[in-house]
>>> print(open('final-v5.txt').read())   # compact mmCIF, C-alpha atoms and all ligand atoms
# COMPACT_ATOMS: atom_id res chain seq x y z
CA MET S 23 -14.78 -22.08 -7.11
CA GLN S 24 -11.06 -21.99 -7.54
CA GLN S 25 -9.26 -20.37 -4.65
CA ASN S 26 -6.08 -19.03 -6.20
CA HIS S 27 -5.43 -16.35 -3.62
CA LYS S 28 -3.39 -17.30 -0.61
CA ASN S 29 -3.33 -16.41 3.06
CA HIS S 30 -6.27 -14.00 3.06
CA SER S 31 -9.67 -15.07 4.20
CA PHE S 32 -11.19 -13.47 1.10
CA GLN S 33 -14.01 -15.08 -0.72
CA SER S 34 -13.84 -14.78 -4.46
CA LEU S 35 -16.27 -12.34 -6.05
CA GLY S 36 -18.07 -15.10 -7.92
CA GLY S 37 -18.54 -17.03 -4.69
CA VAL S 38 -19.88 -14.02 -2.88
CA LEU S 39 -22.34 -13.16 -5.63
CA ALA S 40 -23.55 -16.75 -5.90
CA GLN S 41 -24.32 -16.90 -2.20
CA GLY S 42 -26.07 -13.55 -2.26
CA ASN S 43 -24.42 -12.96 1.07
CA PHE S 44 -22.46 -9.75 1.01
CA PRO S 45 -19.83 -9.48 3.69
CA ARG S 46 -19.38 -5.92 4.90
CA PRO S 47 -15.93 -4.43 4.91
CA LYS S 48 -14.68 -2.99 8.17
CA ASN S 49 -15.85 0.45 9.26
CA SER S 50 -19.03 0.36 7.22
CA GLU S 51 -21.54 0.73 10.03
CA THR S 52 -23.37 3.49 8.19
CA ALA S 53 -23.94 1.51 5.01
CA SER S 54 -27.56 0.45 4.80
CA ALA S 55 -28.75 -2.85 3.42
CA ASN S 56 -30.21 -1.00 0.44
CA ARG S 57 -26.89 0.56 -0.40
CA LEU S 58 -25.12 -2.77 -0.17
CA ALA S 59 -27.47 -4.23 -2.75
CA GLU S 60 -26.41 -1.56 -5.25
CA TYR S 61 -22.77 -2.61 -5.30
CA ASN S 62 -21.39 -5.02 -7.84
CA CYS S 63 -18.81 -6.13 -5.30
CA GLY S 64 -20.01 -6.66 -1.77
CA LEU S 65 -16.46 -7.08 -0.53
CA CYS S 66 -15.04 -3.71 -1.46
CA HIS S 67 -18.19 -1.75 -2.40
CA ASP S 68 -16.73 -1.24 -5.88
CA ARG S 69 -13.74 0.61 -4.54
CA GLY S 70 -11.19 -1.91 -5.69
CA TRP S 71 -9.43 -2.10 -2.33
CA LEU S 72 -10.22 -3.38 1.13
CA VAL S 73 -8.74 -4.24 4.48
CA PRO S 74 -8.21 -7.99 4.59
CA ASP S 75 -9.58 -9.88 7.54
CA VAL S 76 -6.29 -11.39 8.70
CA PRO S 77 -4.72 -11.95 12.12
CA PHE S 78 -2.70 -9.09 13.57
CA ASP S 79 0.63 -10.79 12.93
CA HIS S 80 -0.09 -11.15 9.21
CA PRO S 81 1.91 -8.75 6.99
CA ASP S 82 -1.31 -7.42 5.42
CA PHE S 83 -2.96 -6.65 8.77
CA GLY S 84 -4.36 -3.14 8.79
CA ARG S 85 -3.18 -2.44 5.25
CA LEU S 86 -5.22 -1.78 2.17
CA VAL S 87 -4.98 -4.49 -0.43
CA ARG S 88 -6.41 -4.76 -3.88
CA CYS S 89 -9.79 -6.48 -3.93
CA GLU S 90 -10.25 -9.77 -5.74
CA CYS S 91 -12.90 -8.18 -7.97
CA MET S 92 -10.27 -6.01 -9.66
CA LYS S 93 -9.17 -8.89 -11.81
CA TYR S 94 -12.64 -9.00 -13.38
CA PHE S 95 -12.25 -5.46 -14.70
CA ASP S 96 -10.38 -4.47 -17.78
CA GLU S 97 -7.57 -1.97 -17.78
CA GLN S 98 -9.86 0.96 -18.61
CA GLU S 99 -12.31 0.32 -15.77
CA ARG S 100 -9.47 -0.13 -13.32
CA ARG S 101 -7.90 3.13 -14.35
CA GLU S 102 -11.21 4.99 -14.07
CA ARG S 103 -11.85 3.54 -10.64
CA PHE S 104 -8.48 4.61 -9.27
CA LEU S 105 -8.82 8.02 -10.89
CA ARG S 106 -12.19 8.55 -9.18
CA LEU S 107 -10.78 7.50 -5.83
CA CYS S 108 -7.85 9.87 -6.21
CA ARG S 109 -10.11 12.94 -6.49
CA LEU S 110 -7.71 15.10 -8.43
CA PRO S 111 -8.92 18.66 -8.93
CA ARG S 112 -11.17 19.26 -11.93
CA GLY S 113 -9.33 20.61 -14.93
CA SER S 114 -5.93 19.40 -13.71
CA GLU S 115 -5.44 16.85 -16.54
CA ALA S 116 -2.62 18.90 -18.05
CA ARG S 117 -0.59 18.97 -14.84
CA THR S 118 1.85 16.19 -15.59
CA PHE S 119 5.62 15.83 -15.50
CA ASP S 120 5.70 16.31 -19.28
CA THR S 121 4.09 19.74 -19.09
CA PHE S 122 6.15 20.95 -16.12
CA GLU S 123 8.53 23.76 -16.98
CA ILE S 124 11.82 23.01 -15.21
CA ARG S 125 13.11 26.52 -14.68
CA PRO S 126 16.12 27.56 -12.59
CA GLY S 127 15.31 26.94 -8.93
CA LEU S 128 12.93 24.07 -9.70
CA GLU S 129 15.37 21.33 -10.69
CA GLU S 130 15.67 19.78 -7.25
CA ALA S 131 11.91 19.86 -6.63
CA TYR S 132 11.25 18.29 -10.02
CA GLN S 133 13.77 15.50 -9.47
CA ALA S 134 12.51 14.75 -5.96
CA ALA S 135 8.92 14.67 -7.25
CA LEU S 136 9.94 12.21 -9.97
CA ASP S 137 11.65 10.07 -7.34
CA VAL S 138 8.42 9.85 -5.31
CA ALA S 139 6.38 9.18 -8.45
CA GLU S 140 8.66 6.28 -9.31
CA GLY S 141 8.79 4.86 -5.81
CA LYS S 142 12.42 5.80 -5.07
CA LEU S 143 11.57 8.28 -2.34
CA LYS S 144 8.80 7.88 0.24
CA TRP S 145 8.17 11.33 1.69
CA LEU S 146 8.52 14.70 0.06
CA THR S 147 7.83 18.14 1.49
CA LEU S 148 7.82 21.00 -1.02
CA MET S 149 8.03 24.43 0.58
CA SER S 150 7.72 27.77 -1.19
CA GLU S 151 5.65 30.89 -1.52
CA VAL S 152 2.38 30.53 -3.45
CA ASP S 153 2.37 29.73 -7.18
CA ARG S 154 5.84 28.27 -7.46
CA GLY S 155 4.74 25.09 -9.18
CA LYS S 156 4.30 22.89 -6.07
CA SER S 157 0.72 21.87 -6.82
CA HIS S 158 1.59 21.03 -10.40
CA LEU S 159 4.28 18.64 -9.15
CA ALA S 160 2.01 17.20 -6.43
CA ILE S 161 -0.69 16.43 -9.01
CA ALA S 162 1.87 15.05 -11.47
CA ILE S 163 3.11 12.66 -8.76
CA ALA S 164 -0.41 11.37 -8.10
CA ARG S 165 -1.06 10.95 -11.84
CA ARG S 166 2.17 9.00 -12.36
CA TRP S 167 1.29 6.85 -9.36
CA LEU S 168 -2.07 6.01 -10.96
CA GLU S 169 -0.33 5.21 -14.24
CA ARG S 170 1.75 2.73 -12.26
CA LYS S 171 -1.57 1.17 -11.21
CA ARG S 172 -1.14 2.10 -7.58
CA PRO S 173 -3.95 3.83 -5.67
CA ALA S 174 -3.29 7.42 -4.66
CA ARG S 175 -5.34 10.13 -3.01
CA TYR S 176 -5.00 13.85 -3.58
CA VAL S 177 -6.25 16.21 -0.85
CA ALA S 178 -6.36 19.99 -1.07
CA VAL S 179 -5.80 20.60 2.63
CA PRO S 180 -8.04 23.70 2.80
CA GLU S 181 -10.89 21.41 1.71
CA LEU S 182 -10.04 18.54 4.02
CA LEU S 183 -12.73 19.44 6.51
CA ASP S 184 -15.39 19.38 3.79
CA GLU S 185 -13.94 16.24 2.27
CA LEU S 186 -14.25 14.40 5.53
CA ARG S 187 -17.68 15.82 6.29
CA LYS S 188 -18.91 14.52 2.95
CA GLY S 189 -18.49 11.14 4.56
CA TYR S 190 -21.61 11.87 6.59
CA HIS S 191 -23.70 12.49 3.50
CA PRO S 192 -25.99 9.53 2.71
CA ASP S 193 -24.91 9.48 -0.98
CA ALA S 194 -21.20 9.65 -0.26
CA ASP S 195 -19.00 6.80 -1.47
CA MET S 196 -17.64 6.20 1.98
CA SER S 197 -18.61 6.83 5.55
CA TYR S 198 -16.47 9.18 7.57
CA ASP S 199 -14.60 6.30 9.18
CA GLU S 200 -13.95 4.67 5.82
CA GLU S 201 -12.78 7.92 4.31
CA PHE S 202 -10.37 8.59 7.13
CA TYR S 203 -9.17 5.01 7.07
CA PHE S 204 -8.53 5.36 3.35
CA LEU S 205 -6.54 8.58 3.86
CA LYS S 206 -4.43 6.84 6.48
CA ASN S 207 -3.71 3.72 4.44
CA VAL S 208 -3.89 4.57 0.74
CA ASP S 209 -0.62 3.78 -1.09
CA LEU S 210 0.18 7.45 -1.71
CA LEU S 211 -1.33 10.47 0.04
CA VAL S 212 -0.81 13.98 -1.32
CA LEU S 213 -1.58 16.84 1.07
CA ASP S 214 -1.53 19.89 -1.17
CA ASP S 215 -1.38 23.41 0.22
CA LEU S 216 -0.96 22.85 3.93
CA GLY S 217 -1.68 26.33 5.26
CA MET S 218 -2.96 28.33 8.17
CA GLU S 219 -6.47 26.83 8.11
CA ALA S 220 -4.82 23.59 9.16
CA THR S 221 -4.37 25.11 12.60
CA THR S 222 -8.06 24.86 13.54
CA PRO S 223 -8.16 22.24 16.29
CA TRP S 224 -10.26 19.64 14.46
CA VAL S 225 -8.29 19.74 11.20
CA LYS S 226 -5.02 19.95 13.12
CA GLU S 227 -5.85 16.84 15.07
CA LYS S 228 -6.85 14.94 11.92
CA LEU S 229 -3.68 16.00 10.10
CA ASP S 230 -1.49 15.11 13.06
CA THR S 231 -3.08 11.67 13.16
CA LEU S 232 -2.66 11.16 9.41
CA VAL S 233 0.96 12.27 9.26
CA ASN S 234 1.87 10.35 12.38
CA TYR S 235 0.22 7.15 11.16
CA ARG S 236 1.86 7.34 7.74
CA SER S 237 5.20 7.99 9.34
CA GLU S 238 4.95 5.03 11.67
CA ASN S 239 3.92 2.76 8.82
CA ALA S 240 6.40 4.23 6.30
CA LEU S 241 3.63 5.01 3.81
CA PRO S 242 4.37 7.48 1.00
CA LEU S 243 3.33 11.09 1.62
CA VAL S 244 3.71 14.32 -0.31
CA VAL S 245 3.11 17.65 1.43
CA THR S 246 3.18 21.06 -0.23
CA THR S 247 3.06 24.17 1.91
CA ASN S 248 3.73 27.88 1.97
CA LEU S 249 4.29 27.72 5.73
CA SER S 250 7.65 27.53 7.44
CA PHE S 251 8.20 24.70 9.90
CA GLU S 252 7.83 27.23 12.74
CA GLN S 253 4.33 28.08 11.51
CA MET S 254 3.10 24.48 11.37
CA SER S 255 1.87 22.16 14.06
CA GLU S 256 4.93 21.09 16.02
CA ARG S 257 4.23 17.39 15.56
CA ILE S 258 3.84 17.65 11.80
CA ALA S 259 6.91 19.86 11.42
CA SER S 260 8.95 17.40 13.45
CA ARG S 261 7.80 14.40 11.38
CA LEU S 262 8.40 16.11 8.05
CA GLN S 263 11.91 17.10 9.06
CA ARG S 264 13.02 13.97 10.86
CA VAL S 265 11.51 11.05 9.02
CA PRO S 266 14.49 9.02 7.74
CA PHE S 267 12.89 8.23 4.37
CA GLY S 268 11.85 11.79 3.59
CA LYS S 269 13.19 14.84 1.84
CA VAL S 270 12.41 18.54 2.22
CA VAL S 271 12.89 20.83 -0.78
CA VAL S 272 12.63 24.59 -0.41
CA ILE S 273 11.78 26.11 -3.78
CA ASP S 274 13.38 29.42 -4.54
CA ALA S 275 12.03 30.34 -7.97
CA PRO S 276 9.97 33.12 -9.52
CA GLU S 277 6.20 32.83 -9.75
CA TYR S 278 5.23 29.85 -11.88
CA ARG S 279 1.83 31.11 -12.99
CA ILE S 280 3.13 34.45 -14.29
CA PHE S 281 5.84 32.70 -16.23
CA HIS S 282 3.26 30.47 -17.87
CA ARG S 283 1.04 33.37 -18.80
CA ARG S 284 3.89 35.19 -20.50
CA LYS S 285 5.38 32.21 -22.24
CA PRO S 286 3.13 32.06 -25.33
CA LYS S 287 3.95 35.70 -26.18
CA LYS S 288 7.63 35.22 -26.84
ZN ZN S 301 -14.21 -5.76 -4.85
>>> encode(input="final-v5.txt", output="structure tokens")
Amino acid sequence: MQQNHKNHSFQSLGGVLAQGNFPRPKNSETASANRLAEYNCGLCHDRGWLVPDVPFDHPDFGRLVRCECMKYFDEQERRERFLRLCRLPRGSEARTFDTFEIRPGLEEAYQAALDVAEGKLKWLTLMSEVDRGKSHLAIAIARRWLERKRPARYVAVPELLDELRKGYHPDADMSYDEEFYFLKNVDLLVLDDLGMEATTPWVKEKLDTLVNYRSENALPLVVTTNLSFEQMSERIASRLQRVPFGKVVVIDAPEYRIFHRRKPKK
């Protein structure tokens, strides 16, 4: 089997399948032998990404990389796989940059969101009262990221606890450890609607860890919130404000939803 990948100790998908010996990715202690047999790719469990088994001084150490199997899929399958992993909210297909209404007060937020979507800006914090268009922009960023064929993950922060708990469910795609690892390392993480519920100790600790990790590794992050920095966890507030590759935009615009409801009438 031709080994056209370099540096990584990957086996090619064909090689793995031929041997019938499915290496387990890291952090997969909960995956049973039965579950493993159901995957087409034993390396990445059909996720399309994995953590390469490389020495700690290798540039890819601890980072997610695209799995070898991805080259066996066509464009459509690849797109569907990344879309599933991203977990965008149901019914949010129309929330793109094209459908965003750039009204007075939203220009800076729109431009900064575009910059993140196109890889020109790493961190973006959008602050405003509810329904000012933040979530629309956050979702649009994730969608554009997927169009660029880069993995992204959208998280509605109020649901983070449930999201992570799903990891314990036997039918879940990932174990809790895998899920949290993915949140830490995915190319783009969107934390939408960081609010008061994020102050419960367990969620707070998880969020602190996520934000801290992504800061230290300079991994793209988008946060939307209706909290002020004073209302947030001190560690998160400090990171969002001080990270050298980040930007904070405070949106001062009228309610986005009301505007949209009225628009068709004119
Ligand atoms: Zn794979």
>>> residues_near_ligand(input="final-v5.txt", ligand="ligand ZN 301 (chain S)", cutoff="6 Å", atoms="all atoms listed in the file", output="PyMOL selection string")
chain S and resi 63+65-66+68+70+89-91
>>> residues_around(input="final-v5.txt", residues="stretch 269-271 of chain S", least_positions_apart="4", cutoff="8 Å", atoms="all atoms listed in the file", output="ChimeraX atom specification")
/S:130-131,134,143,145-149,262-263
>>> write_last_selection(input="final-v5.txt", atoms="C-alpha atoms", output="compact mmCIF listing (two decimals), in the coordinates of the input")
# COMPACT_ATOMS: atom_id res chain seq x y z
CA GLU S 130 15.67 19.78 -7.25
CA ALA S 131 11.91 19.86 -6.63
CA ALA S 134 12.51 14.75 -5.96
CA LEU S 143 11.57 8.28 -2.34
CA TRP S 145 8.17 11.33 1.69
CA LEU S 146 8.52 14.70 0.06
CA THR S 147 7.83 18.14 1.49
CA LEU S 148 7.82 21.00 -1.02
CA MET S 149 8.03 24.43 0.58
CA LEU S 262 8.40 16.11 8.05
CA GLN S 263 11.91 17.10 9.06
>>> axis_aligned_box(input="final-v5.txt", around="stretch 263-276 of chain S", padding_each_side="3 Å", output="AutoDock Vina command-line options")
--center_x 12.2 --center_y 20.7 --center_z 0.7 --size_x 10.5 --size_y 30.9 --size_z 26.4
>>> residues_around(input="final-v5.txt", residues="S:Glu97", least_positions_apart="4", cutoff="12 Å", atoms="all atoms listed in the file", output="ChimeraX atom specification")
/S:92-93,101-104,168-171
>>> atom_distance(input="final-v5.txt", atom1="atom CA of S:Gly217", atom2="atom CA of S:Ala164")
20.1 Å
>>> decode(input="final-v5.txt", residues="stretch 147-276 of chain S", atoms="C-alpha atoms", output="short mmCIF file (atom, residue, chain, number, x, y, z; two decimals), in the first residue's frame")
data_model
loop_
_atom_site.label_atom_id
_atom_site.label_comp_id
_atom_site.auth_asym_id
_atom_site.auth_seq_id
_atom_site.Cartn_x
_atom_site.Cartn_y
_atom_site.Cartn_z
CA THR S 147 -16.54 38.54 21.08
CA LEU S 148 -19.91 40.02 20.15
CA MET S 149 -21.67 41.75 23.02
CA SER S 150 -25.19 43.16 23.00
CA GLU S 151 -28.63 42.85 24.47
CA VAL S 152 -30.73 39.91 23.22
CA ASP S 153 -31.89 39.72 19.59
CA ARG S 154 -29.38 42.08 18.06
CA GLY S 155 -28.26 39.70 15.35
CA LYS S 156 -25.31 38.10 17.19
CA SER S 157 -26.47 34.51 16.75
CA HIS S 158 -27.14 35.07 13.07
CA LEU S 159 -23.54 36.22 12.62
CA ALA S 160 -22.16 33.40 14.79
CA ILE S 161 -23.99 30.80 12.69
CA ALA S 162 -22.97 32.53 9.45
CA ILE S 163 -19.32 32.33 10.55
CA ALA S 164 -19.58 28.59 11.21
CA ARG S 165 -21.32 28.02 7.86
CA ARG S 166 -18.66 29.95 5.95
CA TRP S 167 -15.99 27.99 7.79
CA LEU S 168 -17.59 24.73 6.64
CA GLU S 169 -17.77 26.06 3.09
CA ARG S 170 -14.03 26.60 3.35
CA LYS S 171 -13.80 22.88 4.20
CA ARG S 172 -12.60 23.51 7.71
CA PRO S 173 -14.26 21.76 10.68
CA ALA S 174 -16.22 24.00 13.03
CA ARG S 175 -18.40 23.40 16.05
CA TYR S 176 -21.35 25.50 17.12
CA VAL S 177 -22.40 25.38 20.79
CA ALA S 178 -25.43 27.09 22.28
CA VAL S 179 -23.89 27.68 25.70
CA PRO S 180 -27.16 27.18 27.63
CA GLU S 181 -27.20 23.65 26.19
CA LEU S 182 -23.53 22.91 26.80
CA LEU S 183 -24.23 20.84 29.88
CA ASP S 184 -26.65 18.62 27.96
CA GLU S 185 -24.34 18.48 24.97
CA LEU S 186 -21.53 17.16 27.08
CA ARG S 187 -23.77 14.78 29.01
CA LYS S 188 -24.90 13.25 25.73
CA GLY S 189 -21.38 11.93 25.57
CA TYR S 190 -22.35 9.43 28.26
CA HIS S 191 -25.21 8.06 26.20
CA PRO S 192 -24.35 4.69 24.63
CA ASP S 193 -25.59 5.80 21.17
CA ALA S 194 -23.73 9.10 21.19
CA ASP S 195 -21.17 9.74 18.46
CA MET S 196 -18.47 10.46 20.98
CA SER S 197 -17.68 9.72 24.57
CA TYR S 198 -17.57 12.61 26.98
CA ASP S 199 -13.78 12.79 26.78
CA GLU S 200 -13.85 12.77 23.00
CA GLU S 201 -16.53 15.42 22.89
CA PHE S 202 -14.63 17.71 25.20
CA TYR S 203 -11.40 17.06 23.36
CA PHE S 204 -13.16 17.99 20.12
CA LEU S 205 -14.48 21.24 21.62
CA LYS S 206 -10.98 22.13 22.77
CA ASN S 207 -9.27 21.38 19.46
CA VAL S 208 -11.75 21.83 16.62
CA ASP S 209 -10.57 24.42 14.06
CA LEU S 210 -13.30 26.90 14.99
CA LEU S 211 -15.44 26.92 18.13
CA VAL S 212 -18.52 29.11 18.39
CA LEU S 213 -19.90 29.68 21.89
CA ASP S 214 -23.27 31.29 21.26
CA ASP S 215 -25.23 33.02 24.00
CA LEU S 216 -22.84 32.92 26.94
CA GLY S 217 -25.19 33.89 29.77
CA MET S 218 -25.89 33.55 33.44
CA GLU S 219 -26.33 29.76 33.38
CA ALA S 220 -22.63 29.62 32.57
CA THR S 221 -21.96 30.54 36.18
CA THR S 222 -22.95 27.14 37.58
CA PRO S 223 -19.69 25.65 38.86
CA TRP S 224 -19.51 22.68 36.49
CA VAL S 225 -20.27 24.63 33.31
CA LYS S 226 -18.07 27.49 34.48
CA GLU S 227 -15.14 25.18 34.98
CA LYS S 228 -15.64 23.57 31.56
CA LEU S 229 -15.91 26.95 29.84
CA ASP S 230 -12.85 28.28 31.64
CA THR S 231 -10.89 25.25 30.51
CA LEU S 232 -12.10 25.58 26.91
CA VAL S 233 -11.41 29.29 26.60
CA ASN S 234 -8.06 29.01 28.33
CA TYR S 235 -6.94 26.10 26.15
CA ARG S 236 -7.99 27.81 22.93
CA SER S 237 -6.25 30.97 24.00
CA GLU S 238 -3.00 29.21 24.78
CA ASN S 239 -3.08 27.38 21.47
CA ALA S 240 -4.30 30.39 19.45
CA LEU S 241 -7.30 28.47 18.11
CA PRO S 242 -10.19 30.45 16.61
CA LEU S 243 -13.10 31.22 18.93
CA VAL S 244 -16.31 33.19 18.59
CA VAL S 245 -18.28 34.16 21.69
CA THR S 246 -21.63 35.93 21.73
CA THR S 247 -23.04 37.19 25.00
CA ASN S 248 -25.54 39.55 26.56
CA LEU S 249 -23.38 39.76 29.69
CA SER S 250 -20.94 42.52 30.49
CA PHE S 251 -17.37 41.53 31.30
CA GLU S 252 -18.12 42.25 34.97
CA GLN S 253 -20.89 39.66 34.92
CA MET S 254 -18.76 36.87 33.43
CA SER S 255 -16.26 34.54 35.01
CA GLU S 256 -13.17 36.61 35.69
CA ARG S 257 -10.87 34.26 33.79
CA ILE S 258 -13.03 34.24 30.67
CA ALA S 259 -13.54 38.01 30.74
CA SER S 260 -9.80 38.52 31.06
CA ARG S 261 -9.01 36.19 28.14
CA LEU S 262 -11.62 37.71 25.85
CA GLN S 263 -10.35 41.21 26.52
CA ARG S 264 -6.62 40.60 26.51
CA VAL S 265 -5.94 37.98 23.90
CA PRO S 266 -3.68 39.70 21.33
CA PHE S 267 -5.40 38.10 18.31
CA GLY S 268 -8.93 38.92 19.40
CA LYS S 269 -11.50 41.64 18.95
CA VAL S 270 -14.47 42.71 21.05
CA VAL S 271 -17.43 44.38 19.34
CA VAL S 272 -20.23 45.92 21.37
CA ILE S 273 -23.36 46.07 19.24
CA ASP S 274 -25.53 49.09 19.74
CA ALA S 275 -28.46 48.54 17.38
CA PRO S 276 -32.22 48.13 17.62
#
